[in-house]
$ cat structure-v5.txt   # compact mmCIF, C-alpha atoms
# COMPACT_ATOMS: atom_id res chain seq x y z
CA MET A 1 114.71 180.16 115.60
CA ALA A 2 110.99 180.74 115.91
CA ASP A 3 110.40 179.62 112.35
CA GLY A 4 109.56 176.14 111.24
CA HIS A 5 107.41 173.38 112.67
CA LEU A 6 107.40 171.92 116.14
CA PHE A 7 106.20 168.37 116.81
CA ASN A 8 105.61 166.78 120.18
CA ASN A 9 105.83 163.07 121.04
CA ILE A 10 108.33 162.23 118.36
CA LEU A 11 110.30 159.07 119.01
CA LEU A 12 113.98 158.68 118.26
CA GLY A 13 115.31 155.20 118.89
CA GLY A 14 112.40 154.43 121.19
CA ARG A 15 112.76 157.64 123.24
CA GLY A 16 110.16 160.40 123.17
CA GLY A 17 110.89 164.06 122.58
CA THR A 18 110.14 167.14 120.53
CA LEU A 19 111.36 167.76 117.02
CA ARG A 20 111.71 171.19 115.50
CA VAL A 21 112.21 171.39 111.77
CA HIS A 22 113.37 174.89 110.87
CA SER A 23 114.94 176.57 107.87
CA GLY A 24 118.44 175.93 109.23
CA GLY A 25 118.03 172.23 110.02
CA ILE A 26 116.49 170.09 112.75
CA ILE A 27 116.65 169.87 116.55
CA TRP A 28 115.29 166.97 118.57
CA LYS A 29 115.17 167.23 122.34
CA LYS A 30 114.51 164.29 124.60
CA GLN A 31 111.53 164.67 126.87
CA GLY A 32 112.60 165.79 130.32
CA GLY A 33 115.96 167.02 129.10
CA GLY A 34 119.16 165.21 128.40
CA LYS A 35 119.89 164.15 124.90
CA VAL A 36 119.74 166.72 122.12
CA VAL A 37 120.22 165.91 118.46
CA GLU A 38 120.95 168.91 116.28
CA VAL A 39 121.60 168.69 112.57
CA ASP A 40 122.54 171.55 110.31
CA LYS A 41 120.77 171.72 106.98
CA ALA A 42 124.15 171.59 105.18
CA ASP A 43 124.82 168.16 106.70
CA ILE A 44 121.56 166.61 105.55
CA VAL A 45 122.14 164.27 102.61
CA GLY A 46 118.64 162.88 102.21
CA VAL A 47 115.17 162.92 103.73
CA SER A 48 112.55 160.21 103.42
CA TRP A 49 109.05 159.39 104.63
CA MET A 50 107.83 155.95 105.43
CA LYS A 51 104.46 154.67 106.68
CA VAL A 52 105.15 152.59 109.77
CA PRO A 53 102.60 150.92 112.10
CA ARG A 54 100.11 153.58 113.15
CA ALA A 55 102.38 156.50 112.31
CA PHE A 56 104.69 158.06 109.78
CA GLN A 57 108.45 158.05 110.06
CA LEU A 58 110.74 160.82 108.88
CA GLY A 59 114.30 159.78 108.13
CA PHE A 60 117.29 162.10 107.89
CA ARG A 61 120.51 160.85 106.36
CA ILE A 62 123.51 162.80 107.55
CA LYS A 63 126.85 163.41 105.84
CA ASP A 64 128.97 161.25 108.15
CA GLY A 65 126.79 158.19 107.63
CA LEU A 66 124.41 158.63 110.54
CA PHE A 67 120.73 158.11 109.94
CA TYR A 68 118.08 159.48 112.26
CA LYS A 69 114.60 158.04 112.15
CA PHE A 70 111.89 160.09 113.83
CA THR A 71 108.59 158.33 114.36
CA GLY A 72 105.19 159.58 115.45
CA PHE A 73 103.97 161.89 112.68
CA ARG A 74 100.37 161.99 111.53
CA GLU A 75 99.30 161.86 107.93
CA GLN A 76 98.60 165.61 107.78
CA ASP A 77 102.13 166.32 109.07
CA VAL A 78 103.55 164.73 105.94
CA SER A 79 102.08 167.24 103.51
CA SER A 80 102.73 170.28 105.70
CA LEU A 81 106.34 169.25 106.34
CA ASN A 82 106.90 168.40 102.69
CA ALA A 83 105.85 171.90 101.70
CA PHE A 84 108.10 173.44 104.35
CA LEU A 85 111.11 171.25 103.53
CA GLN A 86 110.77 172.04 99.84
CA ASN A 87 110.21 175.77 100.19
CA SER A 88 112.37 176.73 103.17
CA VAL A 89 115.02 174.03 103.35
CA GLY A 90 115.28 173.14 99.67
CA ILE A 91 114.89 169.38 100.20
CA THR A 92 112.32 167.13 98.58
CA PRO A 93 111.69 164.06 100.74
CA GLU A 94 111.39 160.72 99.00
CA GLU A 95 108.68 158.20 99.77
CA LYS A 96 109.70 154.75 100.92
CA GLN A 97 107.50 151.74 101.43
CA LEU A 98 107.87 149.21 104.21
CA SER A 99 107.76 145.52 103.46
CA VAL A 100 105.70 143.60 106.00
CA SER A 101 105.45 140.30 104.14
CA GLY A 102 107.93 138.59 106.47
CA GLN A 103 110.14 137.05 103.80
CA ASN A 104 113.87 136.58 104.28
CA TRP A 105 114.76 136.77 100.62
CA GLY A 106 115.05 139.88 98.48
CA GLU A 107 117.63 142.33 97.30
CA VAL A 108 120.44 144.23 98.96
CA ASP A 109 120.86 147.87 98.01
CA LEU A 110 124.02 149.76 98.95
CA ASP A 111 123.82 153.53 98.94
CA GLY A 112 126.65 155.38 100.64
CA ASN A 113 126.75 154.08 104.20
CA MET A 114 123.30 152.54 104.13
CA LEU A 115 122.59 148.92 103.41
CA THR A 116 118.94 148.29 102.65
CA PHE A 117 117.32 144.88 102.45
CA LEU A 118 114.43 145.08 100.00
CA VAL A 119 111.64 142.57 99.58
CA GLY A 120 109.66 143.07 96.41
CA SER A 121 111.23 146.55 96.03
CA LYS A 122 109.90 147.56 99.47
CA GLN A 123 112.21 148.17 102.40
CA ALA A 124 112.32 145.35 104.95
CA PHE A 125 115.11 146.92 107.02
CA GLU A 126 118.21 149.01 106.73
CA VAL A 127 121.47 149.17 108.64
CA SER A 128 124.27 151.69 108.69
CA LEU A 129 127.62 150.36 107.51
CA ALA A 130 129.22 153.04 109.69
CA ASP A 131 128.30 150.83 112.66
CA VAL A 132 129.82 147.69 111.19
CA SER A 133 132.96 146.73 113.08
CA GLN A 134 133.90 143.78 110.94
CA THR A 135 132.85 141.90 107.85
CA GLN A 136 133.68 138.30 107.11
CA LEU A 137 133.27 135.98 104.21
CA GLN A 138 132.12 132.58 105.39
CA GLY A 139 132.47 129.90 102.82
CA LYS A 140 131.72 130.98 99.30
CA ASN A 141 128.22 132.28 99.79
CA GLU A 142 127.88 133.95 103.17
CA VAL A 143 128.76 137.49 104.18
CA VAL A 144 128.76 138.29 107.89
CA LEU A 145 128.41 141.83 109.27
CA GLU A 146 129.35 142.44 112.89
CA PHE A 147 128.04 145.58 114.56
CA HIS A 148 129.50 147.76 117.26
CA VAL A 149 127.79 146.84 120.48
CA ASP A 150 127.54 150.39 121.81
CA ASP A 151 124.39 152.17 120.75
CA THR A 152 125.68 155.24 119.00
CA THR A 153 122.30 156.04 117.53
CA GLY A 154 120.89 156.52 121.00
CA ALA A 155 118.50 153.65 120.50
CA ASN A 156 116.77 152.45 123.61
CA GLU A 157 116.84 148.84 122.55
CA LYS A 158 116.32 145.99 124.99
CA ASP A 159 117.68 143.55 122.47
CA SER A 160 120.43 144.94 120.28
CA LEU A 161 121.65 143.65 116.97
CA MET A 162 125.14 142.16 117.13
CA GLU A 163 125.54 140.35 113.88
CA LEU A 164 123.73 139.50 110.69
CA SER A 165 124.66 137.51 107.65
CA PHE A 166 123.47 137.24 104.08
CA HIS A 167 123.47 134.17 101.91
CA ILE A 168 124.31 135.09 98.33
CA PRO A 169 123.55 132.20 95.98
CA ASN A 170 125.90 131.49 93.08
CA SER A 171 123.09 132.46 90.76
CA ASN A 172 123.23 136.05 91.98
CA THR A 173 124.71 138.31 89.34
CA LEU A 174 124.68 141.64 91.17
CA PHE A 175 127.55 140.98 93.55
CA VAL A 176 129.95 139.09 91.34
CA GLY A 177 132.51 141.82 91.90
CA ASP A 178 132.34 145.34 93.26
CA GLU A 179 134.57 146.72 90.52
CA THR A 180 131.89 146.36 87.91
CA ARG A 181 129.44 148.53 89.82
CA SER A 182 129.40 152.19 88.90
CA GLY B 1 89.76 120.55 110.22
CA GLU B 2 88.75 121.41 106.65
CA GLY B 3 87.07 124.64 107.57
CA ARG B 4 90.14 126.48 108.77
CA GLY B 5 90.15 129.38 106.36
CA SER B 6 93.05 131.19 107.92
CA VAL B 7 95.54 128.43 107.26
CA ARG B 8 98.09 129.54 104.71
CA SER B 9 100.39 127.32 102.75
CA SER B 10 104.05 127.93 103.40
CA SER B 11 104.58 128.92 99.79
CA GLU B 12 102.54 132.07 100.32
CA LEU B 13 104.47 133.19 103.37
CA ILE B 14 102.71 136.44 104.02
CA ALA B 15 103.26 137.78 107.51
CA TYR B 16 101.11 140.90 107.21
CA LYS B 17 99.10 142.43 104.44
CA ASN B 18 99.23 145.99 105.74
CA VAL B 19 101.71 148.04 107.72
CA ASN B 20 99.07 148.68 110.37
CA ASP B 21 98.61 144.95 110.99
CA ILE B 22 101.94 144.85 112.82
CA PRO B 23 101.20 144.71 116.55
CA GLN B 24 102.09 147.85 118.43
CA SER B 25 105.13 147.54 120.62
CA ARG B 26 106.41 150.11 123.04
CA GLU B 27 109.77 148.48 123.42
CA LEU B 28 112.39 147.55 120.91
CA MET B 29 112.75 143.90 121.77
CA ILE B 30 112.23 140.57 120.03
CA GLN B 31 108.56 139.65 120.01
CA ILE B 32 106.46 136.75 118.83
CA ASP B 33 103.10 137.30 117.20
CA GLN B 34 101.47 133.90 117.77
CA LYS B 35 98.28 134.77 115.95
CA ASN B 36 99.99 135.66 112.69
CA GLU B 37 102.89 133.23 113.18
CA VAL B 38 105.48 135.95 112.94
CA ILE B 39 108.62 136.89 114.83
CA LEU B 40 109.42 140.61 115.09
CA LEU B 41 113.05 141.65 115.35
CA PRO B 42 114.30 145.09 116.36
CA ILE B 43 116.68 146.22 113.63
CA TYR B 44 117.84 149.81 113.67
CA GLY B 45 114.91 151.16 115.58
CA SER B 46 112.22 149.31 113.67
CA MET B 47 110.36 146.10 114.33
CA VAL B 48 111.01 143.87 111.33
CA PRO B 49 108.62 140.93 110.75
CA PHE B 50 109.73 137.46 109.66
CA HIS B 51 107.27 134.68 109.01
CA ILE B 52 107.94 131.69 111.25
CA ALA B 53 108.31 129.45 108.17
CA THR B 54 111.48 131.34 107.26
CA VAL B 55 113.09 130.33 110.57
CA LYS B 56 115.29 127.26 110.55
CA SER B 57 116.54 127.26 114.12
CA VAL B 58 117.10 129.37 117.19
CA THR B 59 119.73 129.12 119.90
CA SER B 60 120.58 131.08 123.02
CA GLN B 61 123.48 131.62 125.37
CA GLN B 62 124.16 133.46 128.58
CA ASP B 63 127.40 134.90 129.87
CA SER B 64 128.60 135.57 133.40
CA ASN B 65 127.36 139.18 133.31
CA ARG B 66 123.81 137.91 132.94
CA THR B 67 123.70 139.09 129.36
CA GLY B 68 121.69 136.88 127.05
CA TYR B 69 122.49 136.13 123.44
CA ILE B 70 120.07 134.88 120.87
CA ARG B 71 120.83 133.63 117.38
CA ILE B 72 118.20 133.01 114.73
CA ILE B 73 119.07 131.06 111.60
CA PHE B 74 116.83 131.37 108.58
CA ASN B 75 116.14 128.94 105.77
CA VAL B 76 118.25 129.52 102.69
CA PRO B 77 118.37 127.51 99.46
CA GLY B 78 120.49 124.42 99.55
CA THR B 79 119.35 123.60 103.08
CA PRO B 80 117.45 120.30 103.17
CA PHE B 81 113.70 120.63 103.75
CA SER B 82 113.65 124.41 103.63
CA PRO B 83 110.19 125.57 102.56
CA GLN B 84 111.56 127.99 99.98
CA ASP B 85 113.37 125.28 98.10
CA ALA B 86 110.36 124.55 95.97
CA ASN B 87 110.40 128.20 95.05
CA SER B 88 114.10 128.76 94.78
CA MET B 89 113.98 128.82 91.00
CA LYS B 90 111.54 131.68 91.21
CA PHE B 91 113.84 133.70 93.45
CA GLN B 92 117.07 132.81 91.77
CA GLY B 93 118.54 136.29 91.84
CA SER B 94 117.61 136.80 95.48
CA ILE B 95 119.85 137.38 98.44
CA TYR B 96 118.80 135.72 101.68
CA LEU B 97 119.04 136.90 105.24
CA LYS B 98 120.71 133.87 106.78
CA GLU B 99 121.37 134.70 110.39
CA VAL B 100 120.85 137.38 113.01
CA SER B 101 122.19 137.58 116.55
CA PHE B 102 121.10 139.86 119.33
CA ARG B 103 122.44 140.73 122.73
CA SER B 104 119.81 141.11 125.42
CA LYS B 105 119.92 142.72 128.82
CA ASN B 106 117.25 140.31 129.97
CA PRO B 107 118.22 136.59 130.01
CA ARG B 108 114.70 135.59 131.05
CA HIS B 109 113.30 137.30 127.98
CA VAL B 110 115.83 135.40 125.87
CA SER B 111 114.71 132.01 127.14
CA GLU B 112 111.05 132.97 126.73
CA VAL B 113 111.66 134.05 123.15
CA VAL B 114 113.54 130.86 122.31
CA GLN B 115 110.77 128.75 123.78
CA GLN B 116 108.04 130.64 121.96
CA ILE B 117 109.82 130.43 118.62
CA LYS B 118 110.46 126.71 119.05
CA SER B 119 106.88 125.90 119.98
CA LEU B 120 105.47 128.06 117.19
CA ARG B 121 107.75 126.31 114.70
CA ARG B 122 106.66 122.90 115.96
CA GLN B 123 103.03 123.93 115.70
CA VAL B 124 103.35 125.20 112.13
CA ASN B 125 105.54 122.30 111.01
CA SER B 126 103.18 119.63 112.30
CA ARG B 127 100.24 121.38 110.69
CA GLU B 128 102.07 121.65 107.37
CA SER B 129 103.17 118.01 107.37
CA GLU B 130 99.65 116.95 108.32
CA LYS B 131 98.36 118.91 105.36
CA ALA B 132 100.96 117.45 103.04
CA GLU B 133 100.06 113.96 104.22
CA ARG B 134 96.40 114.53 103.60
CA ALA B 135 97.18 115.76 100.09
CA THR B 136 98.91 112.54 99.09

$ encode --input "structure-v5.txt" --output "structure tokens"
Amino acid sequence: MADGHLFNNILLGGRGGTLRVHSGGIIWKKQGGGKVVEVDKADIVGVSWMKVPRAFQLGFRIKDGLFYKFTGFREQDVSSLNAFLQNSVGITPEEKQLSVSGQNWGEVDLDGNMLTFLVGSKQAFEVSLADVSQTQLQGKNEVVLEFHVDDTTGANEKDSLMELSFHIPNSNTLFVGDETRS
Amino acid sequence: GEGRGSVRSSSELIAYKNVNDIPQSRELMIQIDQKNEVILLPIYGSMVPFHIATVKSVTSQQDSNRTGYIRIIFNVPGTPFSPQDANSMKFQGSIYLKEVSFRSKNPRHVSEVVQQIKSLRRQVNSRESEKAERAT
């Protein structure tokens, strides 16, 4: 367990802690004890980096649909962790870009349990469909997603997302029917 | 008022140019960036910016447990007077975020947010219509 990399001041859902990335997986411990998040390497489906305001964010997608986003890495951490993840864990992280243009129109990408809203092929936000309690079709062009109100991701949010909806114009050809998607 | 270089037309709708331009926030709660005319919404642990010109309306509610609710409705094509309508041909294949609602543990924060969004919208709208008037 002494192998790997240890990082201090790593935020998970707004809470600070330490993250150890080792050859068997990852362990995040909340500062001052309490919450521990431990993920086995075998349960990791995907890893991604994203530049966020004044830091880098490391995202781990887990088998059951959970997605952990750890924030607070420096630029030099990215290259050292990439080398370690590739050599010792056998995972190559992908690079994502954050959209900050503030537009409300773009594309919706569905990948497993993750729904990503992309603006100009950059990620504006993503939500986990595992947390969706209900979906509704409103009229012909609106899809409503309702979220569980308990914060299963451990997020320390003052304001928590309850519901969001997308307007899909008739001119959209991507979501004419799910059956045609491979 | 001709010398105001920072005034952007609504068709540009750029909240921030760089990731680092987003104001730092310690807490995951709805925030208003008056200077850049942006609202920031906490979605899945990240602060997501939306330019004020994308916002159509905002409403709030409070229940007996002193929990506040806030609902933001965005402009989508087909809505009268939405700024994107001029551009809707350009973005024909696009999907629009139409609505988001949040639950807040702080009702005072909810009413502050609603007030700030409304006044920022008024400010931007009157400036834009002033500009449009001058152009004709």

$ closest_residue --input "structure-v5.txt" --among "B:Gly45, B:Thr54, B:Gln115, B:Ile39" --to "Phe67 in chain A" --atoms "all atoms listed in the file"
B:Gly45

$ closest_residue --input "structure-v5.txt" --among "B:Glu37, B:Glu112, B:Glu99, B:Glu128" --to "chain A" --atoms "only C-alpha atoms"
B:Glu99

$ closest_atom_pairs --input "structure-v5.txt" --of "chain B" --to "chain A" --cutoff "6 Å" --atoms "all atoms listed in the file" --output "tab-separated table"
residue	atom	partner	partner_atom	distance
B:Ile14	CA	A:Ser101	CA	4.7
B:Ala15	CA	A:Ser101	CA	4.7
B:Tyr16	CA	A:Ser101	CA	5.3
B:Val19	CA	A:Pro53	CA	5.3
B:Asn20	CA	A:Pro53	CA	4.5
B:Leu28	CA	A:Glu157	CA	4.9
B:Met29	CA	A:Asp159	CA	5.0
B:Gly45	CA	A:Gly13	CA	5.2
B:Pro49	CA	A:Gly102	CA	4.9
B:Phe50	CA	A:Gly102	CA	3.8
B:His51	CA	A:Gly102	CA	4.7
B:Gly93	CA	A:Asn172	CA	4.7
B:Ser94	CA	A:Gly106	CA	5.0
B:Ile95	CA	A:Ile168	CA	5.0
B:Tyr96	CA	A:Trp105	CA	4.3
B:Leu97	CA	A:Phe166	CA	4.6
B:Lys98	CA	A:Phe166	CA	5.1
B:Glu99	CA	A:Ser165	CA	5.1
B:Val100	CA	A:Leu164	CA	4.3
B:Ser101	CA	A:Glu163	CA	5.1
B:Phe102	CA	A:Leu161	CA	4.5
B:Arg103	CA	A:Ser160	CA	5.3
B:Ser104	CA	A:Asp159	CA	4.4

$ write_last_selection --input "structure-v5.txt" --atoms "C-alpha atoms" --output "mmCIF file, in the frame of the given file"
data_model
loop_
_atom_site.group_PDB
_atom_site.id
_atom_site.type_symbol
_atom_site.label_atom_id
_atom_site.label_comp_id
_atom_site.auth_asym_id
_atom_site.auth_seq_id
_atom_site.Cartn_x
_atom_site.Cartn_y
_atom_site.Cartn_z
ATOM 1 C CA ILE B 14 102.710 136.440 104.020
ATOM 2 C CA ALA B 15 103.260 137.780 107.510
ATOM 3 C CA TYR B 16 101.110 140.900 107.210
ATOM 4 C CA VAL B 19 101.710 148.040 107.720
ATOM 5 C CA ASN B 20 99.070 148.680 110.370
ATOM 6 C CA LEU B 28 112.390 147.550 120.910
ATOM 7 C CA MET B 29 112.750 143.900 121.770
ATOM 8 C CA GLY B 45 114.910 151.160 115.580
ATOM 9 C CA PRO B 49 108.620 140.930 110.750
ATOM 10 C CA PHE B 50 109.730 137.460 109.660
ATOM 11 C CA HIS B 51 107.270 134.680 109.010
ATOM 12 C CA GLY B 93 118.540 136.290 91.840
ATOM 13 C CA SER B 94 117.610 136.800 95.480
ATOM 14 C CA ILE B 95 119.850 137.380 98.440
ATOM 15 C CA TYR B 96 118.800 135.720 101.680
ATOM 16 C CA LEU B 97 119.040 136.900 105.240
ATOM 17 C CA LYS B 98 120.710 133.870 106.780
ATOM 18 C CA GLU B 99 121.370 134.700 110.390
ATOM 19 C CA VAL B 100 120.850 137.380 113.010
ATOM 20 C CA SER B 101 122.190 137.580 116.550
ATOM 21 C CA PHE B 102 121.100 139.860 119.330
ATOM 22 C CA ARG B 103 122.440 140.730 122.730
ATOM 23 C CA SER B 104 119.810 141.110 125.420
#

$ atom_distance --input "structure-v5.txt" --atom1 "CA of Glu133 in chain B" --atom2 "CA of Val76 in chain B"
24.0 Å

$ closest_residue --input "structure-v5.txt" --among "A:Val21, A:Val78, A:Leu66, A:Ala83" --to "Tyr44 in chain B" --atoms "all atoms listed in the file"
A:Leu66

$ closest_residue --input "structure-v5.txt" --among "B:Glu27, B:Asp63, B:Asn75, B:Val55" --to "Pro42 in chain B" --atoms "only C-alpha atoms"
B:Glu27

$ closest_residue --input "structure-v5.txt" --among "A:Ser88, A:Gln57, A:Ser121, A:Ser48" --to "Ser23 in chain A" --atoms "only C-alpha atoms"
A:Ser88

$ atom_distance --input "structure-v5.txt" --atom1 "CA of Arg122 in chain B" --atom2 "CA of Lys56 in chain B"
11.1 Å

$ closest_residue --input "structure-v5.txt" --among "A:Ile91, A:Met50, A:Leu19, A:Leu137" --to "Val37 in chain A" --atoms "all atoms listed in the file"
A:Leu19

$ atom_distance --input "structure-v5.txt" --atom1 "CA of Gln61 in chain B" --atom2 "CA of Leu41 in chain B"
17.6 Å

$ residues_near_point --input "structure-v5.txt" --point "(112.2, 128.1, 114.5)" --cutoff "8 Å" --atoms "all atoms listed in the file" --output "list in words"
Ile52, Ala53, Thr54, Val55, Lys56, Ser57, Val58, Ile72, Ile117, Lys118, Ser119, Leu120, Arg121 and Arg122 of chain B

$ residues_around --input "structure-v5.txt" --residues "Asn9 in chain A" --least-positions-apart "4" --cutoff "6 Å" --atoms "only C-alpha atoms" --output "CSV table (one decimal) with C-alpha atoms, in the coordinates of the input"
chain,number,residue,atom,x,y,z
A,16,GLY,CA,110.2,160.4,123.2
A,17,GLY,CA,110.9,164.1,122.6
A,18,THR,CA,110.1,167.1,120.5
